[in-house]
Each structure stands twice: as structure tokens, then as C-alpha cells.
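Beneath this line is the structure, given in C-alpha cells, with notes to follow.
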Amino acid sequence: MSSSIDLFDLRLFILVAETRSLTRGADRACISLGAASTRVKNMEQSMGVRLLNRTAGGMVMTPAGEVVLGHARQIHSHMERLKCDLHEFRQGTRGRLCIHLDTSAFGEHLTDRLAEFLRQHPGVGIELKESLSDEAARAVAKGHAHIGVVAGDAPTSGLTTQRFGVSRLAVLVSSRSSLAHRSELSFTDVLRQPQVALHEGTVLHRFLSMQAEHAGHRFHPRVHVGSREEISRMVGKDVGVAVVPSSSSMPAVYSGDVHCIPLSDSWAQRELRLIMSGQSEQASLAQRLFRHLAAVEQPLPAPKAPAATARHATSRAREAAEQPIQADRAERSAARL
């Protein structure tokens, strides 16, 4: 086999395979159709095998083409990672790690652990990306992410795994809602109400849409907002109800405008796992972060009491603390008499 194939040829081949069209592949690679055709033919001649077949439905990979496509994607991924790593060195950062995680994994525990690691490693950068658990597992397995945090039964065969606690989803309702007194709510209960949700492209929206579809319903929120803080404000203003990770609900509960009620569906509580592939780039640095995150398992979140209940508990605690003081004052007054 000749050594005339370069990285641009491999990138072009990926684009042709993904678009199933030599014309669209050439457009994405910003070269002419004739030049693209010549490069593909040269690849086939260099490798001694046919890689593509032209059909009425477009360009189709031959078995040999499928093999080349897999290697081409790996090479392209490695080169993109190399560019990123070298960029970080030029910027004075000695390494950068990518973490794909299920949306329910976000919370104070993960944030605190990552912040502690970054303080201990000032030359490290971390990129966080929300994904569905299956997508996060595939990203780690393919080397597109160094570490993942997945929930439920995401495929983790061949990966290093470590339990990372439990994620729970909850329902935010207005403190003035007729649902505020409920001890738990089902997703069907939620779908009967106007809903507030993140934008359609977000992982949580996609997850809830899938669950609604599985139940034979449609997830069609009344309003989409850009952050969980905006969700809390909308719920507090009686716009609708919202499903959120319980770990992100407490600021809203403390405000007193909303109640946080557990979601009763089985998929609303899932085990979280850390995952890692030992074959990823910067494996040593990724292993240090993995061990750091795994050192302290995430505590199981306690059931969230409604805001009114929390305030009453605080009031009762204050009254109990004041009773000995009041008794002591009464004794001193009696002694003076």
C-alpha cells in the first residue's frame, strides 16, 4: 500500500461516508467535485481495494470502506484531541479533560469535587458536557470523553466503573397550587398540568420527551426557558409545574414560593456511576480525576420537605432553643423576689 494518503483525504472520506454523497462531501470539505473524486480514486488505488459503490440512493460503503471509515474516524478524533492538547500547552494549561454526564448528575456534590480538583491542579482545564447516559457511555468508549457520569442501565461493558450515588427527579409546584400538599406525584400527574421546561435541545427535555412517549403521551411544555433558575421563578409565579433534578431544587424551595415533591415513577430514581476508559488520551490525568471523584461517594439526597414545612421546623427548633433561656430568666426573677 502506498503512503500517499494524507489527513485531508481521510477527512474527505468521512464526509462522503456521512453524507452518502461525493458532491455534498466535497462541498463540506470546500473542494471541487473533480478534486474530491480524484482523491477518493487515489485512496482506492493506494489501498488496492474498492471503498465506495455508487447506487441510486447515494454512495455506499463496501466492507473494506467500513473498515477504513472506522480507522479514519479514530485518526481524526486523535488529531483533534492533539490540537486541543497542544493549544492548552501554548496557553500554559498542561492538560484538559472532557467529562460527559447525565443531566441528573449535576449538583453541589459534583461541583464541589471538581472545584477541589481544579484547586489542586491549577494547570488543568475541564470541559463538562451534558448528555443522555447512553450517549455519555458511547463517548467514553470511543475516546471522545475521558470520564462519564451515567445513570440507570447505560452500556458500560469494557469500561472502568464506580458507583457515584443516586439521582432523583422531583416536581416543582407553586406553594399556592392544589398539588402542593401531595407527598409524591407521578409523571402522568405532571403531564396533566401546564409545564415549564428547558429548551427542546437540552438533555433533560429530551429525556422527559422520551419518557412521555413511552407512556403514550406527548411532552409539550407551556413555556421553555434557558436555565433552572428561570424554571423556579416561572413555577413560583404559577405558570406551571416542572420536573428537575432534586439536587438543583433546594434554592427554589428555600425561597418559599415553590414546593419540591418527589416524582414517583421508577425511572425518576437511578443509580449514578462514574465511567472511564483506560485507553483515552491523558489517561494518567483522567485516572487522577476519576479517583478524586470516586473517593467520596455522593450522599443519597434526603427527601425534600416543602418550604412551609422547613420553615415550621425551623420555628419549632427556635422555640425549643428559647425554652431553657426563658426558664432560667424565670428562676432568676423568683430568686430576686
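Just so we're on the same page: first chain in the C-alpha cells is A, next is B, and so on; residues restart at 1 for each chain, and ligands are numbered from 1 in the order they show up.
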
task: Please report, as a ChimeraX atom specification, each residue of stretch 34-78 of chain A to which DSSP assigns strand (DSSP E or B) when run on this structure's backbone.
output: /A:52-55,58-61

Now that the selection is made, can you save its residues with N, CA, C and O atoms as a PDB file, in the first residue's frame?
```
ATOM      1  N   LEU A  52     -15.961   2.527  -2.121  1.00  0.00           N
ATOM      2  CA  LEU A  52     -17.302   3.079  -2.283  1.00  0.00           C
ATOM      3  C   LEU A  52     -17.967   2.489  -3.525  1.00  0.00           C
ATOM      4  O   LEU A  52     -17.308   2.256  -4.540  1.00  0.00           O
ATOM      5  N   ASN A  53     -19.268   2.292  -3.425  1.00  0.00           N
ATOM      6  CA  ASN A  53     -20.078   1.919  -4.582  1.00  0.00           C
ATOM      7  C   ASN A  53     -21.118   3.001  -4.827  1.00  0.00           C
ATOM      8  O   ASN A  53     -21.748   3.490  -3.884  1.00  0.00           O
ATOM      9  N   ARG A  54     -21.270   3.394  -6.083  1.00  0.00           N
ATOM     10  CA  ARG A  54     -22.290   4.381  -6.437  1.00  0.00           C
ATOM     11  C   ARG A  54     -23.610   3.658  -6.701  1.00  0.00           C
ATOM     12  O   ARG A  54     -23.675   2.741  -7.516  1.00  0.00           O
ATOM     13  N   THR A  55     -24.674   4.084  -5.983  1.00  0.00           N
ATOM     14  CA  THR A  55     -26.010   3.499  -6.170  1.00  0.00           C
ATOM     15  C   THR A  55     -27.015   4.623  -6.375  1.00  0.00           C
ATOM     16  O   THR A  55     -26.688   5.812  -6.204  1.00  0.00           O
ATOM     17  N   GLY A  58     -27.249   6.797  -3.403  1.00  0.00           N
ATOM     18  CA  GLY A  58     -26.070   7.542  -2.974  1.00  0.00           C
ATOM     19  C   GLY A  58     -24.859   6.636  -2.866  1.00  0.00           C
ATOM     20  O   GLY A  58     -24.865   5.475  -3.291  1.00  0.00           O
ATOM     21  N   MET A  59     -23.799   7.153  -2.278  1.00  0.00           N
ATOM     22  CA  MET A  59     -22.559   6.404  -2.108  1.00  0.00           C
ATOM     23  C   MET A  59     -22.715   5.423  -0.948  1.00  0.00           C
ATOM     24  O   MET A  59     -23.142   5.804   0.147  1.00  0.00           O
ATOM     25  N   VAL A  60     -22.343   4.173  -1.169  1.00  0.00           N
ATOM     26  CA  VAL A  60     -22.478   3.126  -0.162  1.00  0.00           C
ATOM     27  C   VAL A  60     -21.112   2.523   0.120  1.00  0.00           C
ATOM     28  O   VAL A  60     -20.343   2.228  -0.807  1.00  0.00           O
ATOM     29  N   MET A  61     -20.804   2.344   1.402  1.00  0.00           N
ATOM     30  CA  MET A  61     -19.526   1.766   1.797  1.00  0.00           C
ATOM     31  C   MET A  61     -19.442   0.291   1.407  1.00  0.00           C
ATOM     32  O   MET A  61     -20.401  -0.470   1.599  1.00  0.00           O
TER      33      MET A  61
END
```

With a cut-off of 10 Å, could you pull out the residues of stretch 111-186 of chain A touching stretch 192-210 of chain A and give me the nearest pair of atoms for each, distance in Å to one decimal, using only C-alpha atoms, ordered by chain and ascending number, as JSON lines?
```
{"residue": "A:Lys129", "atom": "CA", "partner": "A:Val203", "partner_atom": "CA", "distance": 9.9}
{"residue": "A:Glu130", "atom": "CA", "partner": "A:Val203", "partner_atom": "CA", "distance": 6.5}
{"residue": "A:Ser131", "atom": "CA", "partner": "A:Val203", "partner_atom": "CA", "distance": 5.9}
{"residue": "A:Leu132", "atom": "CA", "partner": "A:Val203", "partner_atom": "CA", "distance": 6.1}
{"residue": "A:Ser133", "atom": "CA", "partner": "A:Val203", "partner_atom": "CA", "distance": 9.6}
{"residue": "A:Leu172", "atom": "CA", "partner": "A:Val196", "partner_atom": "CA", "distance": 9.5}
{"residue": "A:Val173", "atom": "CA", "partner": "A:Gln195", "partner_atom": "CA", "distance": 9.8}
```

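Across the model, the gap from atom CA of A:Ser232 to atom CA of A:Val244 is 9.6 Å.
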
statement: From the list A:Asp112, A:Asp189, A:Glu135, A:Glu80, the nearest residue to A:Pro262 using only C-alpha atoms is A:Asp189

message: For a test of reading the model, state the distance in Å between atom CA of A:Ile5 and atom CA of A:Arg24, rounded to one decimal.
response: 20.8 Å

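Taking only C-alpha atoms into account, A:Ala295 lies nearest to A:Leu110 out of the set A:Gln120, A:Leu110, A:Val171, A:Ile261.
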
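Here the question is which of A:Arg182, A:Asp238, A:Leu285, A:Ser167 gets nearest to A:Arg96 using only C-alpha atoms, and that residue is A:Leu285.
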
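Using only C-alpha atoms for every distance, the candidate list A:Thr188, A:Leu10, A:Gly165, A:Ser264 yields A:Leu10 as the residue closest to A:Val68.
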
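Residue nearest A:Ser186, chosen from A:Ala136, A:Val225, A:Ala242, A:Leu263 and counting only C-alpha atoms: A:Leu263.
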
query: DSSP on the backbone: what in stretch 133-294 of chain A comes out helix (DSSP H, G or I), as a PyMOL selection string?
result: chain A and resi 133-141+187-191+203-214+228-236+246-248+250-255+266-268+283-294

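The two atoms in question, atom CA of A:Pro63 and atom CA of A:Ala145, are spaced 27.9 Å apart.
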
field: Long-range neighbours of A:Leu12 as a ChimeraX atom specification, 12 Å cut-off, only C-alpha atoms, 3 positions minimum in chain
entry: /A:5-9,15-33,35-41,43,69,72-73,76

field: Contacts of stretch 126-128 of chain A at 8 Å (only C-alpha atoms; same-chain gap of 5+ positions) as a PyMOL selection string
entry: chain A and resi 96-101

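Residues within 10 Å of A:Gln162, counting only C-alpha atoms and excluding same-chain residues fewer than 3 positions away, are Val149, Leu159, Gly165, Leu272, Arg273, Leu274, Ile275, Met276, Phe290, Arg291, Leu293, Ala294, Ala295 and Glu297 of chain A.
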
Emit the selected residues as a short mmCIF file (atom, residue, chain, number, x, y, z; two decimals), in the first residue's frame, including N, CA and C atoms.
```
data_model
loop_
_atom_site.label_atom_id
_atom_site.label_comp_id
_atom_site.auth_asym_id
_atom_site.auth_seq_id
_atom_site.Cartn_x
_atom_site.Cartn_y
_atom_site.Cartn_z
N VAL A 149 -20.38 10.35 33.62
CA VAL A 149 -21.24 10.07 34.76
C VAL A 149 -22.58 9.69 34.17
N LEU A 159 -15.58 -0.80 30.26
CA LEU A 159 -15.18 0.45 30.90
C LEU A 159 -14.98 0.24 32.39
N GLY A 165 -23.46 7.24 43.68
CA GLY A 165 -24.63 7.72 44.39
C GLY A 165 -25.91 7.48 43.62
N LEU A 272 -26.24 6.41 39.92
CA LEU A 272 -25.22 7.09 39.13
C LEU A 272 -23.92 6.30 39.19
N ARG A 273 -23.22 6.26 38.05
CA ARG A 273 -21.92 5.60 38.00
C ARG A 273 -20.90 6.46 37.27
N LEU A 274 -19.70 6.50 37.81
CA LEU A 274 -18.56 7.07 37.10
C LEU A 274 -18.04 6.03 36.13
N ILE A 275 -17.67 6.44 34.93
CA ILE A 275 -17.10 5.51 33.96
C ILE A 275 -15.86 6.13 33.33
N MET A 276 -14.93 5.27 32.93
CA MET A 276 -13.69 5.74 32.32
C MET A 276 -13.11 4.63 31.46
N PHE A 290 -10.62 10.66 38.11
CA PHE A 290 -11.57 9.58 38.39
C PHE A 290 -11.46 9.15 39.85
N ARG A 291 -10.22 8.95 40.33
CA ARG A 291 -10.02 8.55 41.72
C ARG A 291 -10.48 9.63 42.68
N LEU A 293 -12.91 11.86 42.17
CA LEU A 293 -14.37 11.89 42.21
C LEU A 293 -14.93 10.67 42.93
N ALA A 294 -14.26 9.53 42.77
CA ALA A 294 -14.75 8.29 43.37
C ALA A 294 -14.42 8.17 44.85
N ALA A 295 -13.52 9.03 45.35
CA ALA A 295 -13.05 8.90 46.74
C ALA A 295 -14.17 9.10 47.74
N GLU A 297 -18.19 8.98 47.80
CA GLU A 297 -19.42 8.71 47.07
C GLU A 297 -20.46 9.77 47.38
#
```

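Each of A:Leu191, A:Val235, A:Cys260, A:Ala151 was checked against A:Ala215 using only C-alpha atoms; the smallest atom-to-atom distance is that of A:Leu191.
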